[in-house]
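Structure first, then comments.
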Amino acid sequence: MRICVFLSAADLDDRYTRPAREFAKLLGKGGHTLVWGGSDVGLMKVVADGVQEAGGRLVGVSVQFLAAKVRPGVDEMVITKDLAERKRLLLEKADAVVIMVGGTGTLDEATEILELKKHGHTEKPVVLLNTAGFYDGLKEQFRRMEDEGFLPRPLTDLVFFAEEPVGALAYLEESLGKG
């Protein structure tokens, strides 16, 4: 599988890096490809390292203003002119999406894929990896949106909430018939 991971490029503490590294190793050992923002810093580097060390492939999609931070030695790297093109290519190159901890850029990417899914423009499986309860508030907000009629599709059709890396990958493999 080609799995797009949206996540932070910040240096984070072990409660976030340990599960990210675990997911990356599972992805690599499974022979899967990481499709990610291409940066060689922070959590993006942690995940790319883990995938590469475990034998997986790396496909990066960066943007011109971050080109100085791209990871060398990947299987494929694309530099886009802007963030909109970057998001489009990340999704285009992937069979599924995993949303890990991150800031406003990660939220932007996450809400875009969910909006596309809501309107039937993609049926790619999406997993929100709720490491250390990071997305508890967002999960609650999504449930409220569903309960109060803001979502035309059930929340479970849009996103799967996983608490652990092994559950995230198992869901994707089952969804795509790769398990």
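Residues are referred to by chain and number: the chain letter is A, B, ... according to the order shown in the structure tokens, the number counts from 1 in that chain, and ligands are numbered separately from 1 in the order shown.
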
DSSP on the backbone: which residues in stretch 1-140 of chain A end up as strand (DSSP E)? Give the answer as a list in words.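 DSSP-assigned strand (DSSP E) residues in stretch 1-140 of chain A: Arg2, Ile3, Cys4, Val5, Phe6, Thr33, Leu34, Val35, Trp36, Arg57, Leu58, Val59, Gly60, Val61, Ser62, Val63, Glu76, Met77, Val78, Ile79, Thr80, Ala96, Val97, Val98, Ile99, Val126, Val127, Leu128 and Leu129 of chain A.
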
If we count only C-alpha atoms and set the cut-off at 10 Å, which residues sit around A:Val101, ignoring sequence neighbours fewer than 6 positions away in its own chain? Please answer as a PyMOL selection string. chain A and resi 6-10+12+16-17+20+43+107+128-135

Please produce a file of those selected residues containing C-alpha atoms, as a short mmCIF file (atom, residue, chain, number, x, y, z; two decimals), in the first residue's frame.
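What landed in selection_6.cif:
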```cif
data_model
loop_
_atom_site.label_atom_id
_atom_site.label_comp_id
_atom_site.auth_asym_id
_atom_site.auth_seq_id
_atom_site.Cartn_x
_atom_site.Cartn_y
_atom_site.Cartn_z
CA PHE A 6 -0.03 13.87 7.52
CA LEU A 7 2.03 14.88 10.56
CA SER A 8 4.15 17.51 12.23
CA ALA A 9 7.66 18.52 11.25
CA ALA A 10 8.29 19.70 14.84
CA LEU A 12 8.31 16.37 19.79
CA TYR A 16 4.49 11.28 20.29
CA THR A 17 7.69 10.01 18.67
CA ALA A 20 5.08 7.31 15.30
CA LEU A 43 8.35 13.88 13.47
CA LEU A 107 -5.35 19.98 10.41
CA LEU A 128 -6.84 9.47 12.68
CA LEU A 129 -4.14 8.12 15.00
CA ASN A 130 -5.10 9.61 18.35
CA THR A 131 -1.69 9.33 20.03
CA ALA A 132 -1.77 10.15 23.75
CA GLY A 133 -5.31 11.50 23.36
CA PHE A 134 -4.01 14.35 21.17
CA TYR A 135 -7.17 14.45 19.07
#
```

Residues of stretch 93-174 of chain A in helix (DSSP H, G or I) according to DSSP, as a compact mmCIF listing (two decimals) with N, CA, C and O atoms, in the first residue's frame?
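Below is the file out-v6.txt, written as the result:
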```
# COMPACT_ATOMS: atom_id res chain seq x y z
N THR A 104 -1.37 23.29 12.55
CA THR A 104 -2.39 23.80 11.62
C THR A 104 -2.25 23.20 10.22
O THR A 104 -3.27 22.98 9.55
N GLY A 105 -1.03 22.94 9.77
CA GLY A 105 -0.86 22.33 8.46
C GLY A 105 -1.47 20.94 8.41
O GLY A 105 -2.14 20.57 7.44
N THR A 106 -1.26 20.16 9.47
CA THR A 106 -1.83 18.82 9.55
C THR A 106 -3.35 18.89 9.59
O THR A 106 -4.03 18.11 8.92
N LEU A 107 -3.88 19.82 10.36
CA LEU A 107 -5.35 19.98 10.41
C LEU A 107 -5.91 20.37 9.06
O LEU A 107 -6.97 19.88 8.65
N ASP A 108 -5.22 21.25 8.35
CA ASP A 108 -5.66 21.66 7.02
C ASP A 108 -5.71 20.45 6.08
O ASP A 108 -6.70 20.23 5.37
N GLU A 109 -4.67 19.64 6.10
CA GLU A 109 -4.63 18.45 5.26
C GLU A 109 -5.72 17.46 5.66
O GLU A 109 -6.40 16.89 4.80
N ALA A 110 -5.91 17.28 6.96
CA ALA A 110 -6.92 16.35 7.45
C ALA A 110 -8.33 16.77 7.05
O ALA A 110 -9.12 15.95 6.58
N THR A 111 -8.64 18.03 7.24
CA THR A 111 -10.00 18.47 6.92
C THR A 111 -10.25 18.45 5.42
O THR A 111 -11.36 18.18 4.98
N GLU A 112 -9.21 18.67 4.62
CA GLU A 112 -9.41 18.60 3.17
C GLU A 112 -9.77 17.19 2.73
O GLU A 112 -10.71 17.00 1.96
N ILE A 113 -9.05 16.18 3.20
CA ILE A 113 -9.37 14.80 2.80
C ILE A 113 -10.76 14.41 3.30
O ILE A 113 -11.52 13.76 2.60
N LEU A 114 -11.12 14.84 4.50
CA LEU A 114 -12.45 14.52 5.03
C LEU A 114 -13.55 15.23 4.23
O LEU A 114 -14.62 14.66 4.01
N GLU A 115 -13.29 16.44 3.80
CA GLU A 115 -14.26 17.17 2.97
C GLU A 115 -14.43 16.48 1.61
O GLU A 115 -15.56 16.32 1.13
N LEU A 116 -13.33 16.05 1.02
CA LEU A 116 -13.42 15.33 -0.25
C LEU A 116 -14.21 14.03 -0.07
O LEU A 116 -15.05 13.68 -0.91
N LYS A 117 -13.95 13.35 1.02
CA LYS A 117 -14.65 12.10 1.30
C LYS A 117 -16.14 12.34 1.57
O LYS A 117 -16.99 11.60 1.09
N LYS A 118 -16.43 13.38 2.31
CA LYS A 118 -17.82 13.73 2.64
C LYS A 118 -18.65 13.91 1.37
O LYS A 118 -19.81 13.51 1.31
N THR A 131 -2.81 9.58 19.11
CA THR A 131 -1.69 9.33 20.03
C THR A 131 -1.81 10.17 21.30
O THR A 131 -1.98 11.38 21.23
N ALA A 132 -1.73 9.49 22.44
CA ALA A 132 -1.77 10.15 23.75
C ALA A 132 -2.98 11.07 23.90
O ALA A 132 -2.91 12.08 24.58
N GLY A 133 -4.08 10.70 23.26
CA GLY A 133 -5.31 11.50 23.36
C GLY A 133 -5.24 12.85 22.68
O GLY A 133 -6.08 13.72 22.91
N ASP A 136 -8.49 14.03 21.09
CA ASP A 136 -9.75 13.83 21.82
C ASP A 136 -10.74 14.96 21.57
O ASP A 136 -11.93 14.72 21.36
N GLY A 137 -10.27 16.19 21.61
CA GLY A 137 -11.15 17.34 21.40
C GLY A 137 -11.71 17.38 19.99
O GLY A 137 -12.90 17.68 19.78
N LEU A 138 -10.88 17.06 19.00
CA LEU A 138 -11.33 17.04 17.61
C LEU A 138 -12.34 15.91 17.39
O LEU A 138 -13.36 16.10 16.70
N LYS A 139 -12.09 14.78 18.01
CA LYS A 139 -13.00 13.64 17.93
C LYS A 139 -14.38 14.04 18.48
O LYS A 139 -15.41 13.76 17.87
N GLU A 140 -14.38 14.72 19.60
CA GLU A 140 -15.62 15.21 20.21
C GLU A 140 -16.32 16.20 19.28
O GLU A 140 -17.54 16.18 19.12
N GLN A 141 -15.55 17.08 18.66
CA GLN A 141 -16.14 18.06 17.74
C GLN A 141 -16.76 17.37 16.53
O GLN A 141 -17.87 17.72 16.11
N PHE A 142 -16.07 16.37 15.98
CA PHE A 142 -16.63 15.62 14.86
C PHE A 142 -17.94 14.93 15.26
O PHE A 142 -18.90 14.91 14.50
N ARG A 143 -17.97 14.36 16.45
CA ARG A 143 -19.20 13.70 16.92
C ARG A 143 -20.34 14.71 17.05
O ARG A 143 -21.48 14.41 16.72
N ARG A 144 -20.02 15.90 17.53
CA ARG A 144 -21.04 16.94 17.64
C ARG A 144 -21.54 17.33 16.24
O ARG A 144 -22.75 17.52 16.05
N MET A 145 -20.63 17.48 15.30
CA MET A 145 -21.03 17.78 13.92
C MET A 145 -21.99 16.72 13.39
O MET A 145 -22.99 17.05 12.75
N GLU A 146 -21.68 15.47 13.67
CA GLU A 146 -22.54 14.37 13.22
C GLU A 146 -23.89 14.42 13.93
O GLU A 146 -24.94 14.39 13.28
N ASP A 147 -23.87 14.55 15.26
CA ASP A 147 -25.10 14.56 16.05
C ASP A 147 -26.04 15.70 15.68
O ASP A 147 -27.25 15.56 15.74
N LEU A 155 -20.05 9.60 10.51
CA LEU A 155 -18.65 9.85 10.84
C LEU A 155 -17.80 8.61 10.59
O LEU A 155 -16.67 8.71 10.10
N THR A 156 -18.34 7.43 10.88
CA THR A 156 -17.58 6.18 10.68
C THR A 156 -17.29 5.92 9.20
O THR A 156 -16.36 5.17 8.89
N ASP A 157 -18.04 6.52 8.29
CA ASP A 157 -17.74 6.41 6.85
C ASP A 157 -16.58 7.33 6.46
O ASP A 157 -15.94 7.12 5.44
N LEU A 158 -16.35 8.37 7.25
CA LEU A 158 -15.34 9.36 6.91
C LEU A 158 -13.96 9.04 7.48
O LEU A 158 -12.96 9.23 6.81
N PRO A 165 -0.83 2.39 16.93
CA PRO A 165 -0.35 2.19 15.56
C PRO A 165 -0.78 0.86 14.93
O PRO A 165 -1.16 0.82 13.77
N VAL A 166 -0.74 -0.22 15.69
CA VAL A 166 -1.09 -1.52 15.13
C VAL A 166 -2.55 -1.53 14.67
O VAL A 166 -2.87 -2.11 13.63
N GLY A 167 -3.43 -0.87 15.39
CA GLY A 167 -4.84 -0.78 14.99
C GLY A 167 -5.03 0.05 13.74
O GLY A 167 -5.89 -0.25 12.90
N ALA A 168 -4.22 1.09 13.59
CA ALA A 168 -4.31 1.94 12.41
C ALA A 168 -3.94 1.15 11.16
O ALA A 168 -4.68 1.16 10.16
N LEU A 169 -2.83 0.44 11.20
CA LEU A 169 -2.39 -0.32 10.04
C LEU A 169 -3.33 -1.49 9.75
O LEU A 169 -3.65 -1.76 8.59
N ALA A 170 -3.81 -2.16 10.79
CA ALA A 170 -4.75 -3.27 10.59
C ALA A 170 -6.02 -2.79 9.89
O ALA A 170 -6.52 -3.46 8.98
N TYR A 171 -6.53 -1.63 10.29
CA TYR A 171 -7.71 -1.07 9.65
C TYR A 171 -7.46 -0.81 8.16
O TYR A 171 -8.28 -1.14 7.30
N LEU A 172 -6.31 -0.23 7.84
CA LEU A 172 -5.99 0.07 6.44
C LEU A 172 -5.85 -1.21 5.62
O LEU A 172 -6.36 -1.31 4.50
N GLU A 173 -5.16 -2.19 6.16
CA GLU A 173 -4.97 -3.45 5.44
C GLU A 173 -6.31 -4.14 5.19
O GLU A 173 -6.56 -4.65 4.10
N GLU A 174 -7.19 -4.11 6.18
CA GLU A 174 -8.51 -4.70 6.03
C GLU A 174 -9.34 -3.92 5.01
O GLU A 174 -9.99 -4.49 4.14
```

In Å, with one decimal, what is the gap from atom CA of A:Gly42 to atom CA of A:Leu58? 16.1 Å

With only C-alpha atoms as the basis for distance, which of A:Ala24, A:Ile99, A:Pro154, A:Val35 is at the shortest distance from A:Val126?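 For A:Val126, the nearest of the candidates is A:Ile99.
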
If you count only C-alpha atoms, which residues fall within 7 Å of A:Gly60, apart from same-chain ones fewer than 6 positions away, as an MDAnalysis selection string? chainID A and resid 35:38 76:78

Write the residues you've just listed into a file as a short mmCIF file (atom, residue, chain, number, x, y, z; two decimals), in the first residue's frame, and include N, CA, C and O atoms for each of them.
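Everything below was put into result_6.cif:
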```cif
data_model
loop_
_atom_site.label_atom_id
_atom_site.label_comp_id
_atom_site.auth_asym_id
_atom_site.auth_seq_id
_atom_site.Cartn_x
_atom_site.Cartn_y
_atom_site.Cartn_z
N VAL A 35 4.07 7.92 1.89
CA VAL A 35 3.91 9.14 1.10
C VAL A 35 3.73 10.24 2.12
O VAL A 35 2.79 10.21 2.91
N TRP A 36 4.68 11.19 2.15
CA TRP A 36 4.64 12.20 3.20
C TRP A 36 5.22 13.51 2.70
O TRP A 36 5.68 13.59 1.57
N GLY A 37 5.20 14.53 3.55
CA GLY A 37 5.62 15.87 3.18
C GLY A 37 7.07 16.06 2.81
O GLY A 37 7.47 17.14 2.41
N GLY A 38 7.87 15.01 2.93
CA GLY A 38 9.23 15.02 2.42
C GLY A 38 10.28 15.66 3.29
O GLY A 38 11.47 15.63 2.95
N GLU A 76 11.45 8.69 -4.26
CA GLU A 76 10.88 9.70 -5.15
C GLU A 76 10.66 10.97 -4.35
O GLU A 76 10.20 10.92 -3.21
N MET A 77 10.98 12.13 -4.95
CA MET A 77 10.73 13.42 -4.31
C MET A 77 10.20 14.38 -5.36
O MET A 77 10.78 14.52 -6.43
N VAL A 78 9.09 15.01 -5.02
CA VAL A 78 8.48 16.02 -5.89
C VAL A 78 8.44 17.32 -5.10
O VAL A 78 8.06 17.33 -3.93
#
```

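In this comparison, which uses only C-alpha atoms, the residue of A:Val5, A:Asp75, A:Arg153, A:Thr80 approaching A:Gly120 most closely is A:Arg153.
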
In Å, rounded to a single decimal, give me how far atom CA of A:Val97 is from atom CA of A:Lys124.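 So the two atoms, atom CA of A:Lys124 and atom CA of A:Val97, lie 7.2 Å apart.
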
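Of the residues under consideration (A:Leu26, A:Ile79, A:Leu34, A:Val74), A:Leu34 shows the shortest atom-to-atom contact distance to A:Asp95 when counting only C-alpha atoms.
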
Separation of atom CA of A:His32 from atom CA of A:Gly56, in Å and rounded to one decimal: 5.5 Å
